[in-house]
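Next comes upload-v9.txt, a file with compact mmCIF, C-alpha atoms.
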```
# COMPACT_ATOMS: atom_id res chain seq x y z
CA MET V 119 -197.63 -75.42 22.37
CA SER V 120 -194.99 -76.30 24.98
CA ASP V 121 -192.02 -78.62 24.77
CA GLY V 122 -188.65 -78.96 26.53
CA LEU V 123 -187.10 -75.63 27.51
CA PHE V 124 -189.91 -73.47 26.12
CA THR V 125 -193.05 -74.12 28.14
CA THR V 126 -195.27 -71.13 27.30
CA LEU V 127 -195.20 -70.67 23.54
CA PRO V 128 -198.15 -69.50 21.42
CA SER V 129 -200.37 -72.38 20.30
CA ARG V 130 -199.50 -71.90 16.62
CA TRP V 131 -195.75 -72.30 17.31
CA GLY V 132 -193.77 -75.50 17.37
CA THR V 133 -190.39 -76.60 18.72
CA ALA V 134 -187.50 -78.49 17.19
CA ARG V 135 -184.04 -79.71 18.06
CA LEU V 136 -181.36 -77.49 16.62
CA ASP V 137 -179.93 -80.26 14.44
CA ARG V 138 -183.35 -80.59 12.76
CA VAL V 139 -183.17 -77.02 11.44
CA ALA V 140 -179.42 -76.33 11.17
CA THR V 141 -176.11 -78.11 10.74
CA VAL V 142 -173.40 -77.82 13.39
CA HIS V 143 -169.75 -77.65 12.36
CA ALA V 144 -166.75 -77.17 14.65
CA ARG V 145 -163.03 -77.74 14.48
CA ILE V 146 -162.03 -81.08 15.99
CA GLY V 147 -158.90 -80.11 17.88
CA TRP V 148 -156.32 -77.89 16.19
CA LYS V 149 -154.88 -80.43 13.71
CA ALA V 150 -151.45 -79.53 15.10
CA LEU V 151 -151.97 -75.87 14.20
CA THR V 152 -149.70 -73.62 16.27
CA ALA V 153 -149.45 -69.86 16.74
CA ALA V 154 -146.13 -70.00 14.90
CA GLU V 155 -148.10 -70.70 11.70
CA TYR V 156 -150.01 -67.41 11.87
CA GLN V 157 -149.21 -65.12 8.95
CA SER V 158 -149.24 -61.37 8.41
CA ALA V 159 -151.85 -61.86 5.67
CA GLY V 160 -153.93 -64.66 4.25
CA TYR V 161 -157.24 -66.13 5.39
CA ALA V 162 -158.92 -64.62 8.45
CA PHE V 163 -158.95 -66.95 11.46
CA LEU V 164 -161.67 -65.72 13.82
CA ALA V 165 -161.43 -66.18 17.59
CA THR V 166 -164.10 -65.53 20.22
CA PRO V 167 -163.05 -61.87 20.77
CA ASN V 168 -163.96 -61.27 17.11
CA ILE V 169 -167.62 -62.19 17.65
CA LYS V 170 -168.27 -60.37 20.93
CA ALA V 171 -169.26 -56.98 19.47
CA PRO V 172 -172.61 -56.38 17.72
CA LYS V 173 -170.81 -56.71 14.37
CA ILE V 174 -168.21 -59.40 13.72
CA ASP V 175 -164.66 -58.01 13.62
CA PHE V 176 -162.86 -59.19 10.49
CA GLU V 177 -159.94 -56.78 10.93
CA ASN V 178 -158.21 -57.58 14.24
CA VAL V 179 -157.63 -61.22 13.40
CA ASN V 180 -154.91 -63.77 12.96
CA TYR V 181 -154.29 -65.12 9.46
CA ILE V 182 -153.60 -68.66 8.27
CA SER V 183 -152.37 -70.20 5.01
CA LYS V 184 -154.52 -71.47 2.14
CA PHE V 185 -153.55 -75.03 3.09
CA ARG V 186 -154.92 -74.59 6.61
CA PHE V 187 -157.98 -72.76 5.28
CA ASP V 188 -158.81 -75.57 2.84
CA GLU V 189 -158.25 -78.20 5.51
CA SER V 190 -161.75 -77.69 6.98
CA PRO V 191 -164.11 -76.79 4.12
CA ASP V 192 -167.22 -76.93 6.34
CA LEU V 193 -165.80 -74.07 8.40
CA LYS V 194 -165.30 -71.69 5.46
CA LEU V 195 -167.67 -68.94 6.47
CA ARG V 196 -170.67 -67.83 4.44
CA ASN V 197 -173.20 -65.06 4.87
CA ASP V 198 -175.95 -66.01 7.38
CA ASP V 199 -173.70 -68.44 9.28
CA VAL V 200 -174.46 -68.28 13.01
CA LEU V 201 -171.31 -68.39 15.17
CA LEU V 202 -171.48 -69.73 18.71
CA ALA V 203 -168.64 -69.55 21.26
CA LYS V 204 -168.38 -73.02 22.76
CA ASP V 205 -165.28 -72.68 24.95
CA GLY V 206 -163.90 -70.44 27.65
CA ASN V 207 -165.24 -67.40 29.47
CA THR V 208 -167.15 -66.25 26.39
CA LEU V 209 -169.15 -69.49 26.26
CA GLY V 210 -172.61 -68.86 24.80
CA ILE V 211 -171.85 -65.66 22.89
CA VAL V 212 -173.61 -65.84 19.54
CA ASN V 213 -173.40 -63.71 16.41
CA ILE V 214 -174.27 -63.92 12.72
CA VAL V 215 -172.24 -63.30 9.57
CA SER V 216 -174.39 -60.58 8.04
CA GLU V 217 -171.70 -59.38 5.65
CA LEU V 218 -168.67 -61.57 4.95
CA GLN V 219 -165.88 -59.07 4.39
CA ARG V 220 -163.15 -61.54 3.44
CA GLU V 221 -162.55 -65.26 3.19
CA ALA V 222 -162.52 -66.49 6.75
CA THR V 223 -162.78 -69.49 9.04
CA VAL V 224 -162.95 -69.99 12.83
CA ASN V 225 -160.74 -71.45 15.51
CA GLY V 226 -161.62 -74.37 17.78
CA SER V 227 -163.56 -72.22 20.24
CA ILE V 228 -166.36 -71.39 17.78
CA ALA V 229 -169.09 -73.59 16.32
CA VAL V 230 -170.60 -72.70 12.93
CA LEU V 231 -174.39 -73.21 12.73
CA ARG V 232 -175.80 -73.24 9.21
CA ALA V 233 -179.60 -72.89 9.08
CA PHE V 234 -181.68 -74.82 6.54
CA GLY V 235 -185.12 -74.97 8.18
CA ILE V 236 -185.23 -71.73 10.13
CA ASP V 237 -184.48 -68.03 9.60
CA PRO V 238 -180.77 -67.78 10.58
CA ARG V 239 -181.38 -64.41 12.24
CA PHE V 240 -184.17 -65.92 14.33
CA LEU V 241 -181.85 -68.83 15.20
CA ARG V 242 -179.22 -66.36 16.39
CA PHE V 243 -181.72 -64.52 18.62
CA ALA V 244 -183.23 -67.74 19.97
CA ILE V 245 -179.78 -68.90 21.15
CA ALA V 246 -179.15 -65.45 22.64
CA SER V 247 -182.35 -65.69 24.70
CA SER V 248 -182.20 -66.20 28.44
CA VAL V 249 -183.79 -69.64 28.03
CA ILE V 250 -180.99 -71.06 25.89
CA GLN V 251 -178.26 -69.16 27.74
CA LYS V 252 -179.40 -70.66 31.06
CA HIS V 253 -179.49 -74.09 29.43
CA ILE V 254 -175.92 -73.60 28.19
CA GLY V 255 -174.86 -72.83 31.75
CA SER V 256 -176.44 -76.07 32.95
CA VAL V 257 -174.85 -78.38 30.35
CA LYS V 258 -171.38 -76.86 30.03
CA ASP V 259 -168.50 -79.13 30.97
CA GLY V 260 -164.91 -78.60 32.06
CA MET V 261 -163.39 -78.09 35.50
CA GLY V 262 -160.98 -75.41 34.30
CA VAL V 263 -162.10 -74.08 30.91
CA PRO V 264 -165.90 -74.27 30.32
CA HIS V 265 -166.77 -76.27 27.21
CA LEU V 266 -169.89 -77.04 25.21
CA PHE V 267 -169.92 -80.33 23.31
CA GLN V 268 -171.32 -80.51 19.77
CA ARG V 269 -173.81 -83.14 20.86
CA ASP V 270 -175.26 -80.72 23.40
CA ILE V 271 -175.48 -77.93 20.82
CA LYS V 272 -177.33 -80.24 18.44
CA ARG V 273 -179.87 -81.05 21.17
CA PHE V 274 -180.84 -77.43 21.90
CA GLN V 275 -184.64 -77.19 21.85
CA LEU V 276 -185.71 -74.16 19.84
CA PRO V 277 -189.03 -72.36 19.42
CA VAL V 278 -190.20 -72.54 15.80
CA PRO V 279 -192.88 -70.01 14.82
CA PRO V 280 -194.29 -70.00 11.27
CA LEU V 281 -191.60 -68.80 8.87
CA ASP V 282 -193.25 -65.44 8.10
CA GLU V 283 -193.44 -64.76 11.84
CA GLN V 284 -189.77 -65.68 12.23
CA HIS V 285 -188.94 -63.01 9.63
CA ARG V 286 -191.04 -60.39 11.44
CA ILE V 287 -189.45 -61.20 14.80
CA ALA V 288 -185.95 -61.11 13.33
CA ASP V 289 -186.66 -57.77 11.59
CA PHE V 290 -188.02 -56.32 14.83
CA LEU V 291 -185.08 -57.51 16.93
CA ASP V 292 -182.53 -56.38 14.34
CA ALA V 293 -183.95 -52.85 14.55
CA GLU V 294 -184.50 -52.68 18.31
CA THR V 295 -181.23 -54.31 19.40
CA SER V 296 -179.36 -52.01 17.00
CA ARG V 297 -180.85 -49.00 18.81
CA ILE V 298 -179.85 -50.46 22.17
CA ASP V 299 -176.37 -51.29 20.87
CA LEU V 300 -175.88 -47.67 19.76
CA LEU V 301 -176.82 -46.41 23.23
CA ALA V 302 -174.52 -48.99 24.82
CA ALA V 303 -171.65 -47.98 22.53
CA ALA V 304 -172.14 -44.35 23.60
CA GLN V 305 -171.91 -45.37 27.26
CA ARG V 306 -168.75 -47.36 26.61
CA ARG V 307 -167.23 -44.35 24.87
CA LEU V 308 -168.15 -42.22 27.90
CA VAL V 309 -166.44 -44.71 30.23
CA ALA V 310 -163.34 -44.67 28.00
CA ILE V 311 -163.26 -40.85 28.02
CA LEU V 312 -163.59 -40.79 31.81
CA LYS V 313 -160.72 -43.27 32.09
CA GLU V 314 -158.56 -41.11 29.82
CA ARG V 315 -159.34 -37.99 31.82
CA GLU V 316 -158.60 -39.80 35.05
CA ALA V 317 -155.23 -40.96 33.70
CA ALA V 318 -154.40 -37.44 32.49
CA ALA V 319 -155.33 -35.95 35.87
CA VAL V 320 -153.20 -38.48 37.75
CA GLU V 321 -150.26 -37.85 35.44
CA HIS V 322 -150.68 -34.08 35.90
CA HIS V 323 -150.77 -34.32 39.71
CA LEU V 324 -147.65 -36.47 39.73
CA SER V 325 -145.69 -34.40 37.22
CA GLU V 326 -146.36 -31.26 39.27
CA VAL V 327 -144.48 -32.65 42.25
CA SER V 328 -142.04 -35.05 40.62
CA PRO V 329 -139.61 -34.04 37.86
CA HIS V 330 -137.55 -37.21 38.54
CA GLN V 331 -138.18 -40.85 37.73
CA VAL V 332 -137.02 -44.07 39.35
CA ARG V 333 -137.27 -47.73 38.40
CA LEU V 334 -139.76 -49.75 40.40
CA LYS V 335 -137.14 -52.33 41.38
CA ASN V 336 -135.23 -49.57 43.22
CA LEU V 337 -138.28 -49.01 45.43
CA LEU V 338 -138.55 -52.67 46.44
CA THR V 339 -136.93 -54.57 49.27
CA VAL V 340 -136.66 -57.75 47.13
CA PRO V 341 -137.19 -58.44 43.40
CA PRO V 342 -140.79 -59.02 42.20
CA SER V 343 -141.90 -62.61 42.77
CA TYR V 344 -144.71 -64.97 41.82
CA GLY V 345 -147.16 -66.52 44.26
CA ALA V 346 -148.02 -70.07 45.23
CA ASN V 347 -149.13 -72.47 42.51
CA GLU V 348 -151.61 -74.24 44.75
CA SER V 349 -154.44 -75.86 42.81
CA ALA V 350 -156.59 -77.15 45.66
CA GLU V 351 -158.72 -74.67 47.56
CA HIS V 352 -159.08 -75.19 51.28
CA ASP V 353 -161.59 -73.78 53.72
CA ARG V 354 -159.72 -73.84 56.98
CA ARG V 355 -160.38 -70.43 58.53
CA ASP V 356 -157.42 -70.83 60.87
CA TRP V 357 -155.08 -71.01 57.86
CA PRO V 358 -153.82 -67.89 56.04
CA ARG V 359 -156.12 -66.49 53.39
CA TYR V 360 -155.15 -67.19 49.79
CA ILE V 361 -155.63 -64.07 47.61
CA ARG V 362 -156.43 -64.88 43.99
CA THR V 363 -156.97 -62.77 40.89
CA THR V 364 -160.76 -63.06 41.30
CA ASP V 365 -160.53 -61.50 44.76
CA ILE V 366 -159.25 -58.18 43.41
CA ALA V 367 -161.89 -55.64 42.36
CA ASP V 368 -161.38 -53.12 39.56
CA ASP V 369 -161.05 -50.27 42.06
CA GLY V 370 -158.14 -51.96 43.83
CA SER V 371 -160.16 -53.20 46.81
CA LEU V 372 -160.41 -56.78 48.07
CA ARG V 373 -163.66 -58.60 47.37
CA ASP V 374 -165.46 -60.66 49.98
CA SER V 375 -165.43 -63.70 47.75
CA THR V 376 -165.43 -67.42 48.44
CA PHE V 377 -162.87 -67.98 51.16
CA ALA V 378 -159.81 -69.97 50.14
CA SER V 379 -156.78 -70.70 52.28
CA LEU V 380 -153.39 -72.39 52.20
CA PRO V 381 -151.85 -74.76 54.72
CA PRO V 382 -149.24 -72.91 56.84
CA HIS V 383 -146.27 -74.90 55.49
CA THR V 384 -147.13 -73.74 51.94
CA ALA V 385 -148.27 -70.23 52.81
CA ARG V 386 -145.21 -69.19 54.79
CA ASN V 387 -143.12 -68.65 51.64
CA TYR V 388 -145.80 -66.42 50.11
CA MET V 389 -147.04 -64.37 53.05
CA LEU V 390 -147.82 -60.70 52.38
CA ASN V 391 -146.63 -57.65 54.24
CA ASP V 392 -148.40 -54.35 54.78
CA GLY V 393 -147.86 -52.21 51.67
CA ASP V 394 -147.10 -55.08 49.26
CA LEU V 395 -148.32 -54.37 45.73
CA LEU V 396 -150.02 -57.32 44.01
CA PHE V 397 -150.19 -57.32 40.22
CA VAL V 398 -152.15 -59.79 38.03
CA ARG V 399 -149.60 -61.22 35.63
CA SER V 400 -151.69 -63.29 33.24
CA GLY V 401 -155.13 -63.78 31.77
CA ALA V 402 -158.07 -61.54 30.99
CA THR V 403 -157.46 -59.31 34.05
CA VAL V 404 -153.74 -58.79 33.39
CA GLY V 405 -152.61 -55.53 34.94
CA LYS V 406 -155.21 -55.37 37.71
CA SER V 407 -153.46 -54.48 40.97
CA PHE V 408 -154.07 -54.21 44.70
CA VAL V 409 -152.21 -52.87 47.73
CA TYR V 410 -152.29 -55.32 50.62
CA GLU V 411 -153.01 -53.97 54.10
CA SER V 412 -152.48 -55.93 57.29
CA ARG V 413 -156.05 -55.14 58.41
CA PHE V 414 -157.19 -57.86 55.99
CA GLY V 415 -155.52 -60.44 58.21
CA PRO V 416 -152.74 -62.94 57.39
CA ALA V 417 -152.72 -63.74 53.68
CA ALA V 418 -150.63 -65.38 50.98
CA HIS V 419 -150.85 -64.73 47.23
CA ALA V 420 -151.65 -66.94 44.27
CA GLY V 421 -149.42 -67.89 41.37
CA TYR V 422 -151.13 -65.56 38.92
CA LEU V 423 -150.12 -62.59 41.04
CA ILE V 424 -146.77 -60.80 41.14
CA ARG V 425 -145.81 -59.45 44.56
CA ALA V 426 -143.80 -56.27 44.68
CA GLN V 427 -142.57 -55.73 48.25
CA VAL V 428 -142.42 -51.95 48.38
CA ASP V 429 -139.96 -50.17 50.65
CA THR V 430 -142.57 -48.02 52.38
CA SER V 431 -139.86 -45.86 53.94
CA LEU V 432 -139.26 -44.52 50.41
CA ILE V 433 -142.76 -44.32 48.95
CA ASP V 434 -146.40 -45.05 49.75
CA SER V 435 -147.48 -48.13 47.76
CA ARG V 436 -150.76 -46.46 46.88
CA LEU V 437 -148.93 -43.86 44.78
CA ILE V 438 -147.45 -46.66 42.69
CA TRP V 439 -150.90 -48.25 42.47
CA HIS V 440 -152.46 -45.01 41.20
CA PHE V 441 -149.79 -44.59 38.54
CA CYS V 442 -149.87 -48.20 37.33
CA GLN V 443 -153.68 -48.28 37.22
CA THR V 444 -154.07 -45.17 35.10
CA GLN V 445 -151.10 -45.62 32.79
CA ASN V 446 -151.94 -49.20 31.72
CA TYR V 447 -148.33 -50.12 32.38
CA TRP V 448 -148.92 -53.84 32.01
CA GLN V 449 -149.33 -53.34 28.26
CA GLN V 450 -145.68 -52.34 28.09
CA VAL V 451 -144.47 -55.40 29.94
CA SER V 452 -146.79 -58.10 28.61
CA GLU V 453 -145.76 -60.95 26.39
CA GLY V 454 -148.08 -63.19 24.36
CA THR V 455 -150.86 -62.85 21.84
CA THR V 456 -152.81 -59.64 21.42
CA GLN V 457 -156.06 -61.40 20.67
CA ALA V 458 -156.63 -63.86 23.45
CA THR V 459 -156.25 -63.75 27.19
CA ILE V 460 -152.77 -65.28 27.19
CA GLN V 461 -150.80 -62.14 27.90
CA ASN V 462 -148.16 -62.60 30.58
CA VAL V 463 -146.32 -59.94 32.53
CA ASN V 464 -142.58 -60.46 32.66
CA ALA V 465 -141.48 -59.91 36.29
CA GLU V 466 -138.09 -58.53 35.26
CA LYS V 467 -139.65 -56.00 32.88
CA TYR V 468 -142.14 -55.09 35.55
CA GLY V 469 -139.27 -54.21 37.88
CA ASN V 470 -137.88 -51.86 35.24
CA LEU V 471 -140.99 -49.69 35.09
CA LEU V 472 -140.18 -46.00 35.34
CA LEU V 473 -142.22 -44.23 38.03
CA PRO V 474 -142.27 -40.66 39.33
CA MET V 475 -140.21 -40.28 42.51
CA ILE V 476 -142.02 -38.06 45.00
CA SER V 477 -140.38 -36.67 48.12
CA ARG V 478 -141.74 -37.85 51.45
CA ASP V 479 -143.21 -34.47 52.38
CA GLN V 480 -145.16 -34.34 49.10
CA GLN V 481 -146.53 -37.88 49.18
CA ARG V 482 -149.42 -37.41 51.59
CA PRO V 483 -150.96 -34.29 49.96
CA THR V 484 -150.40 -35.78 46.50
CA LEU V 485 -152.11 -38.99 47.52
CA ALA V 486 -155.06 -37.01 48.93
CA ARG V 487 -155.49 -35.16 45.62
CA LEU V 488 -155.25 -38.41 43.66
CA ASP V 489 -157.83 -40.09 45.90
CA ARG V 490 -160.30 -37.22 45.38
CA THR V 491 -159.76 -37.22 41.61
CA VAL V 492 -160.14 -40.96 41.24
CA THR V 493 -163.14 -41.17 43.60
CA LYS V 494 -165.02 -38.54 41.58
CA SER V 495 -164.09 -40.14 38.27
CA ARG V 496 -165.12 -43.60 39.35
CA ALA V 497 -168.45 -42.40 40.67
CA LEU V 498 -169.21 -41.09 37.16
CA ARG V 499 -167.94 -44.29 35.60
CA HIS V 500 -170.08 -46.33 37.97
CA ARG V 501 -173.17 -44.43 36.87
CA ALA V 502 -172.32 -44.96 33.21
CA GLY V 503 -171.62 -48.63 33.92
CA ARG V 504 -174.95 -49.04 35.68
CA LEU V 505 -176.79 -47.61 32.68
CA LEU V 506 -174.83 -49.97 30.46
CA ASP V 507 -175.96 -52.88 32.67
CA LEU V 508 -179.59 -51.74 32.38
CA LEU V 509 -179.31 -51.55 28.60
CA THR V 510 -177.85 -55.07 28.54
CA GLU V 511 -180.70 -56.35 30.71
CA ARG V 512 -183.31 -54.63 28.52
CA ARG V 513 -181.74 -56.09 25.37
CA GLN V 514 -181.78 -59.59 26.84
CA ALA V 515 -185.38 -59.25 28.05
CA LEU V 516 -186.52 -57.95 24.67
CA ILE V 517 -184.88 -60.84 22.79
CA THR V 518 -186.30 -63.45 25.16
CA ALA V 519 -189.80 -62.00 25.09
CA ALA V 520 -189.84 -61.81 21.27
CA VAL V 521 -188.54 -65.33 20.54
CA THR V 522 -190.96 -66.87 23.07
CA GLY V 523 -194.00 -65.05 21.67
CA GLN V 524 -194.75 -62.99 24.78
CA PHE V 525 -195.93 -60.10 22.60
CA ASP V 526 -196.88 -59.38 19.01
CA VAL V 527 -193.94 -57.73 17.26
CA SER V 528 -196.24 -56.40 14.55
CA THR V 529 -197.68 -53.83 16.98
CA ALA V 530 -194.72 -53.41 19.35
CA SER V 531 -192.45 -50.37 19.59
CA GLY V 532 -189.70 -52.08 21.54
CA ARG V 533 -189.80 -49.48 24.32
CA ASN V 534 -192.15 -50.99 26.86
CA VAL V 535 -192.90 -54.40 25.44
CA THR V 536 -190.87 -56.24 28.07
CA ASP V 537 -192.50 -54.58 31.07
CA GLY V 538 -193.95 -57.38 33.15
CA VAL V 539 -192.87 -60.23 30.90
CA SER V 540 -191.04 -63.26 32.25
CA VAL V 541 -187.46 -63.94 31.26
```
Show this structure as C-alpha cells.
Amino acid sequence: MSDGLFTTLPSRWGTARLDRVATVHARIGWKALTAAEYQSAGYAFLATPNIKAPKIDFENVNYISKFRFDESPDLKLRNDDVLLAKDGNTLGIVNIVSELQREATVNGSIAVLRAFGIDPRFLRFAIASSVIQKHIGSVKDGMGVPHLFQRDIKRFQLPVPPLDEQHRIADFLDAETSRIDLLAAAQRRLVAILKEREAAAVEHHLSEVSPHQVRLKNLLTVPPSYGANESAEHDRRDWPRYIRTTDIADDGSLRDSTFASLPPHTARNYMLNDGDLLFVRSGATVGKSFVYESRFGPAAHAGYLIRAQVDTSLIDSRLIWHFCQTQNYWQQVSEGTTQATIQNVNAEKYGNLLLPMISRDQQRPTLARLDRTVTKSRALRHRAGRLLDLLTERRQALITAAVTGQFDVSTASGRNVTDGVSV
C-alpha cells in the first residue's frame, strides 16, 4: 500500500495520520513562567537537551513547583510517552519515556505524543525515520527559531503495519540501535580523551616556557568589544565581508560559507585588523574563537562575536587562541543557564583571563610545537568523528528501512540489512 509520505510500503501495511493513533499535547506558551521560578528541587522540567541522548536525562534538569506542575495535567509524563522537540536547533529529535524516574513535565519546546492505536516504540522510530525527518524540515516555520506547529505534528502520515509486526520491528530496532549507540558512545569518549590530552599537552608546552601570567586585557590595544548588530544580510562583494559565528570552524579556520557583507558606513566601526582574536560570546557555540588574518580581505565582525585587538608586538594571537581553545576558558566567564544555549560571555570578565606570558624569543618555537601537537590530535579526532558520522548514518538507514518494510526483521541481523536500501 502507498499513501502520502510513504510510497513503497508492503501491501499488508496501512497508513494513518498521527492524530488517529496518538494524542498530541504541548505547552501553549509559558503561562508567565520565568527562570526565576526554577527551584533547587521539586518536579523535573525537561528541556530539549534532556532528550537528545539515547536515554532521557532526568538528572540535569530544572525543577518547578507543584503548582506549576499541576497547571498542565496533560503534560505530566508517563511511561511510553513519546517526546518530540518542536522548537529550535534540536527540532525533530524524538525519544521515548521507557522508565519514568521521577515526576516530570516538559517545557514549551517539547510535544508529548501519547499512543493509543500504535506501539509507542514503533511511533518513536517512525518519527525518527528519514521520511518524517525530511517532512519536518519542509513544514517547519520561523525565520529565526525553527518551529513545528501542533497542527503539522497531528498531520504526520505514518506507516501502520499489523500490531504484531510493529512489536517485532520495535524489538529489533531497540536491540540494534542500542548496539550502535554503545559504539557511538565509545567514539565520543575517545574524542573527549583526545581533547583532554590535547589540552594537557598545550598546558605543558606553555608552562615549560612561561612561569608568569598576565591578564588578557594587558595584551590588548583597546578593551574587548562587540560587533555590529546588523540583521540584514547583503551580497555586495565590493563591501567588507561580515564574519558571523557560523563562519568560524571548530579548528579556528574561516569557512567558505554564504557570503554576507555590510555597507561601508556600518562596517567601518567594526573592521578587523591582522591578529585580532574573535570570540563567540553567546549561543550553542559559545567559546569558539578565530584569529583574523588580513589575507582574508577586508572584514567586519558580527554582534555575537567579541573582538580582542591583540598587541602583536607583545604576543602572537595564535598563542592566545591555542590556550583559550584547550582550556575551555569561556566556561569561566559565561553567564546564563547551564541547560540551554543562552550562555553569554561577559566582555569585562573575558579581559581578566589569566594567560601565560611568553617571551618574544620563545613564542615562535612554542607555537611550532603547539601546532604539531594540535594537528596530530585533531587528525585522530577527525577519524573518530568520521566513524561517529558513519554510525549515525547507519542508525538512521536501519530505522528508515525497518519502519518502511524494506526487509523482514524476523530474519535480519542488523549488520547488512540496509545495504542497497533507499532512505
Exercise. From the set V:Ala420, V:Ala246, V:Leu164, V:Leu395, which residue has the shortest atom-to-atom contact distance to Thr339 (chain V), counting all atoms listed in the file?
Worked result: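 The closest residue to Thr339 (chain V) is V:Leu395.
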Problem set entry | Test item: residues at most 12 Å from Gly415 (chain V), all atoms listed in the file, excluding those fewer than 5 positions along its chain, as a ChimeraX atom specification | /V:355-361,372,379,389-392,410
Problem set entry | Selection near Thr208 (chain V), 10 Å with all atoms listed in the file, sequence-local residues under 3 positions removed, as JSON, numbers by chain | {"V": [166, 167, 169, 170, 202, 203, 204, 205, 211, 212, 227, 264]}
Sorted by chain and rising residue number, which residues of region 261-368 of chain V lie within 7 Å of region 127-147 of chain V, and what are their closest atom pairs and distances in Å to one decimal, counting all atoms listed in the file, as JSON lines?
```
{"residue": "V:Lys272", "atom": "CA", "partner": "V:Asp137", "partner_atom": "CA", "distance": 4.8}
{"residue": "V:Arg273", "atom": "CA", "partner": "V:Arg135", "partner_atom": "CA", "distance": 5.4}
{"residue": "V:Phe274", "atom": "CA", "partner": "V:Leu136", "partner_atom": "CA", "distance": 5.3}
{"residue": "V:Gln275", "atom": "CA", "partner": "V:Arg135", "partner_atom": "CA", "distance": 4.6}
{"residue": "V:Leu276", "atom": "CA", "partner": "V:Ala134", "partner_atom": "CA", "distance": 5.4}
{"residue": "V:Pro277", "atom": "CA", "partner": "V:Thr133", "partner_atom": "CA", "distance": 4.5}
{"residue": "V:Val278", "atom": "CA", "partner": "V:Gly132", "partner_atom": "CA", "distance": 4.9}
{"residue": "V:Pro279", "atom": "CA", "partner": "V:Trp131", "partner_atom": "CA", "distance": 4.4}
{"residue": "V:Pro280", "atom": "CA", "partner": "V:Trp131", "partner_atom": "CA", "distance": 6.6}
```
Based on the selection just made, write C-alpha atoms of those residues as a tab-separated table (two decimals), keeping the file's coordinate frame.
```tsv
chain	number	residue	atom	x	y	z
V	272	LYS	CA	-177.33	-80.24	18.44
V	273	ARG	CA	-179.87	-81.05	21.17
V	274	PHE	CA	-180.84	-77.43	21.90
V	275	GLN	CA	-184.64	-77.19	21.85
V	276	LEU	CA	-185.71	-74.16	19.84
V	277	PRO	CA	-189.03	-72.36	19.42
V	278	VAL	CA	-190.20	-72.54	15.80
V	279	PRO	CA	-192.88	-70.01	14.82
V	280	PRO	CA	-194.29	-70.00	11.27
```
Exercise. Hey, what's within 10 Å of Arg186 (chain V) if we count only C-alpha atoms and toss same-chain stuff fewer than 3 positions away? As a count of residues only, please?
Worked result: 12
Problem set entry | Which residue of V:Leu301, V:Leu380, V:Ala233, V:Leu123 approaches Lys252 (chain V) most closely, using only C-alpha atoms | V:Leu123
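Here the question is which of V:Asn336, V:Gln157, V:Ser495, V:Thr295 gets nearest to Arg513 (chain V) using all atoms listed in the file, and that residue is V:Thr295.
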Exercise. Nearest to Ile311 (chain V) among V:Ala502, V:Leu471, V:Ala367, V:Arg482, with distances taken over all atoms listed in the file: which residue is it?
Worked result: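 Result for the nearest residue to Ile311 (chain V): V:Ala502.
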Seminar exercise, completed: Shortest contact to Arg499 (chain V), candidates V:Leu312, V:Val224, V:Ile254, V:Leu241, atoms counted all atoms listed in the file, goes to V:Leu312
For this session: Work out how far apart CA of Ile236 (chain V) and CA of Arg286 (chain V) are and give it in Å to one decimal.
Result: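 Computed distance, CA of Ile236 (chain V) to CA of Arg286 (chain V), equals 12.8 Å.
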Exercise. Which residue gives the smallest distance to Asp237 (chain V) among V:Leu423, V:Leu505, V:Ala304, V:Val521, with only C-alpha atoms counted?
Worked result: V:Val521
Have region 393-401 of chain V completed to N, CA, C and O atoms, please, and pass it along as a compact mmCIF listing (two decimals), in the frame of the given file.
```
# COMPACT_ATOMS: atom_id res chain seq x y z
N GLY V 393 -148.44 -53.04 52.71
CA GLY V 393 -147.86 -52.21 51.67
C GLY V 393 -147.38 -52.97 50.44
O GLY V 393 -146.95 -52.34 49.46
N ASP V 394 -147.47 -54.31 50.45
CA ASP V 394 -147.10 -55.08 49.26
C ASP V 394 -148.07 -54.77 48.11
O ASP V 394 -149.28 -54.67 48.32
N LEU V 395 -147.51 -54.64 46.92
CA LEU V 395 -148.32 -54.37 45.73
C LEU V 395 -148.48 -55.67 44.96
O LEU V 395 -147.49 -56.30 44.56
N LEU V 396 -149.72 -56.10 44.76
CA LEU V 396 -150.02 -57.32 44.01
C LEU V 396 -150.47 -56.94 42.60
O LEU V 396 -151.28 -56.02 42.43
N PHE V 397 -150.00 -57.68 41.62
CA PHE V 397 -150.19 -57.32 40.22
C PHE V 397 -150.55 -58.57 39.44
O PHE V 397 -149.79 -59.54 39.44
N VAL V 398 -151.74 -58.62 38.81
CA VAL V 398 -152.15 -59.79 38.03
C VAL V 398 -151.24 -59.92 36.82
O VAL V 398 -151.12 -59.00 36.02
N ARG V 399 -150.63 -61.07 36.66
CA ARG V 399 -149.60 -61.22 35.63
C ARG V 399 -150.06 -61.95 34.39
O ARG V 399 -149.33 -62.02 33.40
N SER V 400 -151.28 -62.50 34.39
CA SER V 400 -151.69 -63.29 33.24
C SER V 400 -153.21 -63.35 33.15
O SER V 400 -153.91 -63.17 34.15
N GLY V 401 -153.70 -63.58 31.95
CA GLY V 401 -155.13 -63.78 31.77
C GLY V 401 -155.88 -62.52 31.39
O GLY V 401 -155.31 -61.48 31.08
```
